[in-house]
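Here is the structure we will look at, set down as structure tokens.
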Amino acid sequence: MGRRIGAPPWLSVALLAGLAGGPAQAQVRRITFSEAVEIALRQNSALARAENASELARFGVSQAQASFFPDLRLGLSDSYSFDSSLHGGGGSARAGLSSGVTLFDGLANVANLRAAQLEEEGSGLDEERTRQTVVFDVISGYLAMIEAGEQARVREENLAAQEKQEESVRALVEGGERPIAELYQQQSNVAAARLARVEARQALELSRVDLVQALQLDPAGEYDFAPPPLSEARPDSIPLALAPVLARAFERRPDLQAEEVRLEVARQEERGAVAGRWPTVSLSADYGGALDQVPSGSVGISLSLPLFDRLNTSESIARARIGTRNEELALLDLRQDIALQVRRAVLDRNAGLERLQAAEAQVLAAGKALEFTQQRYDAGVATLYEVTLARADHVAAVSASVRARYNLLWQDRLLDYYVGDLDPSAGLMP
């Protein structure tokens, strides 16, 4: 029987529209930040693989627990024997139940169970870290989109100011107070401002495309990503100290905790390998017999002492010890990476705070300079070139201030991610 594959909903809508004789008008889907997080957590393939790994780890625990229980087997056999006598041979049918349980195997089963439980714990920590990564990608996308929107607003306001300036220059030129060259120069300024607005709008659309990719949405769809209001959001103005942040990262990072768990798993596997040198004690029982006879049963204890196993146990121990050393090295490397990540993030965050403060001061100074230059131009003292330079400085300062502000907001969330404090259930700016 063939396997039926369902078509995506968006493809069905497109096909129905084609059959109707014309293209369907795309409906805009509004997605809030919280909805975007839910979509990302539901559709991200890396997170799905992490959840599958956790499920497999739970199966491993169940399997390790089952090794402590006795097994039960049903045996059925039928045989026929014959000889060279005239009377021929005879048939025999047998049935029986048998069971066995390991009483002692050098505590290998205990080590295997503990290793499986640790694997389950480590898989859960890896899943938590993957979930934080997915949420951080959504946060980064939204902050980038909001910044792009603010930059587009700055370019829009600059274009409006340049067009207003063109009207003033035109009036002065027509009144004979300014040469025609200034009108041409201002028209060039308007064209440049219009081009900057186009580029800012394109950057905004590209940031939305990045969000579509991060959420794994249908690229043919239309989406309105509605972020929470951040117009009044202000980063903390207090510089951070490295030591407490680093200590918290060593305490909170799920991937570091998972690596510590994996080291303990390797140690348990080493104990399980060493258990191969110990004797094994088993309890067995069976009950049954031939169908034409009275059934009977037996109970017994067996002891198995390994004398020579072609050095398999020694090689298993050596491999397990190498695995433990590799996990120890991996743990040291991860701690080093975390320390460097946090150190860079703290330095960038503190530098970003100073950059924002300087950018805001520059906005105030550039605004006053533009206002003063415009007054001098209106009074016939300054040239249009001076006004153009002052306005360009002011626009650059405002744009740098927007960039510094949202970069600092992003740095705060990046630091939360590096420390391991990023809460998937929290908002964009908790």
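Starting from 1 in every chain, residues are counted up; chains themselves are A, B, ... following the order of the structure tokens, and ligands are numbered from 1 as listed.
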Which residues of segment 357-399 of chain A have any atom within 12 Å of an atom in segment 167-176 of chain A when counting only C-alpha atoms, and what is the closest pair of atoms for each, with the distance in Å to one decimal? Order the rows by chain and rising number and write it as CSV.
residue,atom,partner,partner_atom,distance
A:Gln374,CA,A:Ser168,CA,11.2
A:Tyr377,CA,A:Val169,CA,10.2
A:Asp378,CA,A:Ser168,CA,9.1
A:Ala379,CA,A:Leu172,CA,11.5
A:Gly380,CA,A:Leu172,CA,10.2
A:Thr383,CA,A:Val169,CA,11.1
A:Leu384,CA,A:Val169,CA,8.7
A:Val387,CA,A:Val169,CA,11.5
So that I have them on file, write out the residues from the current selection with N, CA and C atoms, as an mmCIF file, in the first residue's frame.
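File produced: again-v7.cif:
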data_model
loop_
_atom_site.group_PDB
_atom_site.id
_atom_site.type_symbol
_atom_site.label_atom_id
_atom_site.label_comp_id
_atom_site.auth_asym_id
_atom_site.auth_seq_id
_atom_site.Cartn_x
_atom_site.Cartn_y
_atom_site.Cartn_z
ATOM 1 N N GLN A 374 21.253 76.264 11.149
ATOM 2 C CA GLN A 374 20.042 76.588 10.395
ATOM 3 C C GLN A 374 19.609 78.037 10.650
ATOM 4 N N TYR A 377 21.838 80.206 8.691
ATOM 5 C CA TYR A 377 21.509 80.163 7.254
ATOM 6 C C TYR A 377 20.260 80.997 6.965
ATOM 7 N N ASP A 378 19.261 80.887 7.828
ATOM 8 C CA ASP A 378 18.048 81.683 7.625
ATOM 9 C C ASP A 378 18.334 83.177 7.719
ATOM 10 N N ALA A 379 19.363 83.521 8.511
ATOM 11 C CA ALA A 379 19.747 84.930 8.631
ATOM 12 C C ALA A 379 20.675 85.373 7.513
ATOM 13 N N GLY A 380 21.052 84.458 6.612
ATOM 14 C CA GLY A 380 21.915 84.804 5.486
ATOM 15 C C GLY A 380 23.380 84.843 5.827
ATOM 16 N N THR A 383 26.207 79.168 4.874
ATOM 17 C CA THR A 383 25.932 78.630 3.546
ATOM 18 C C THR A 383 25.120 77.334 3.663
ATOM 19 N N LEU A 384 24.537 76.948 2.536
ATOM 20 C CA LEU A 384 23.790 75.692 2.521
ATOM 21 C C LEU A 384 24.718 74.504 2.763
ATOM 22 N N VAL A 387 24.914 73.923 6.399
ATOM 23 C CA VAL A 387 23.690 73.285 6.885
ATOM 24 C C VAL A 387 23.681 71.807 6.525
#
At a cut-off of 8 Å, using only C-alpha atoms, what residues contact Glu270 of chain A? Leave out same-chain residues fewer than 5 positions from it and give the result as a tab-separated table (two decimals) with C-alpha atoms, in the first residue's frame.
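Once everything was written out, this is around-v1.tsv:
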chain	number	residue	atom	x	y	z
A	317	ILE	CA	38.91	-1.14	31.08
A	320	ALA	CA	36.83	3.19	29.48
A	321	ARG	CA	39.70	4.98	31.21
A	324	THR	CA	37.06	9.21	31.17
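If you measure from each of A:Arg343, A:Arg197, A:Arg262, A:Arg391 to Glu328 of chain A using only C-alpha atoms, the closest one turns out to be A:Arg262.
The interatomic distance for the pair atom CA of Ile238 of chain A and atom CA of Gln336 of chain A works out to 26.2 Å.
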Original post:
Hey, what does DSSP flag as helix (DSSP H, G or I) within segment 120-349 of chain A? Can you give it to me as JSON, numbers by chain?
Top reply: {"A": [120, 121, 122, 123, 124, 125, 126, 127, 128, 129, 130, 131, 132, 133, 134, 135, 136, 137, 138, 139, 140, 141, 142, 143, 144, 145, 146, 147, 148, 149, 150, 151, 152, 153, 154, 155, 156, 157, 158, 159, 160, 161, 162, 163, 164, 165, 166, 167, 168, 169, 170, 171, 172, 173, 174, 180, 181, 182, 183, 184, 185, 186, 187, 188, 189, 190, 191, 192, 193, 194, 195, 196, 197, 198, 199, 200, 201, 202, 203, 204, 205, 206, 207, 208, 209, 210, 211, 212, 213, 214, 215, 242, 243, 244, 245, 246, 247, 248, 249, 250, 251, 252, 254, 255, 256, 257, 258, 259, 260, 261, 262, 263, 264, 265, 266, 267, 268, 269, 270, 271, 272, 273, 274, 275, 276, 277, 312, 313, 314, 315, 316, 317, 318, 319, 320, 321, 322, 323, 324, 325, 326, 327, 328, 329, 330, 331, 332, 333, 334, 335, 336, 337, 338, 339, 340, 341, 342, 343, 344, 345, 346, 347, 348, 349]}
Could you give me, as a tab-separated table, a per-residue list for segment 218-289 of chain A showing, wherever an atom lies at most 7 Å from an atom of segment 414-430 of chain A, the closest pair of atoms and their distance in Å to one decimal, using only C-alpha atoms and sorting by chain then residue number from low to high?
residue	atom	partner	partner_atom	distance
A:Arg248	CA	A:Val419	CA	6.5
A:Ala249	CA	A:Val419	CA	4.1
A:Arg252	CA	A:Gly420	CA	5.3
A:Arg253	CA	A:Gly420	CA	4.5
A:Pro254	CA	A:Gly420	CA	6.7
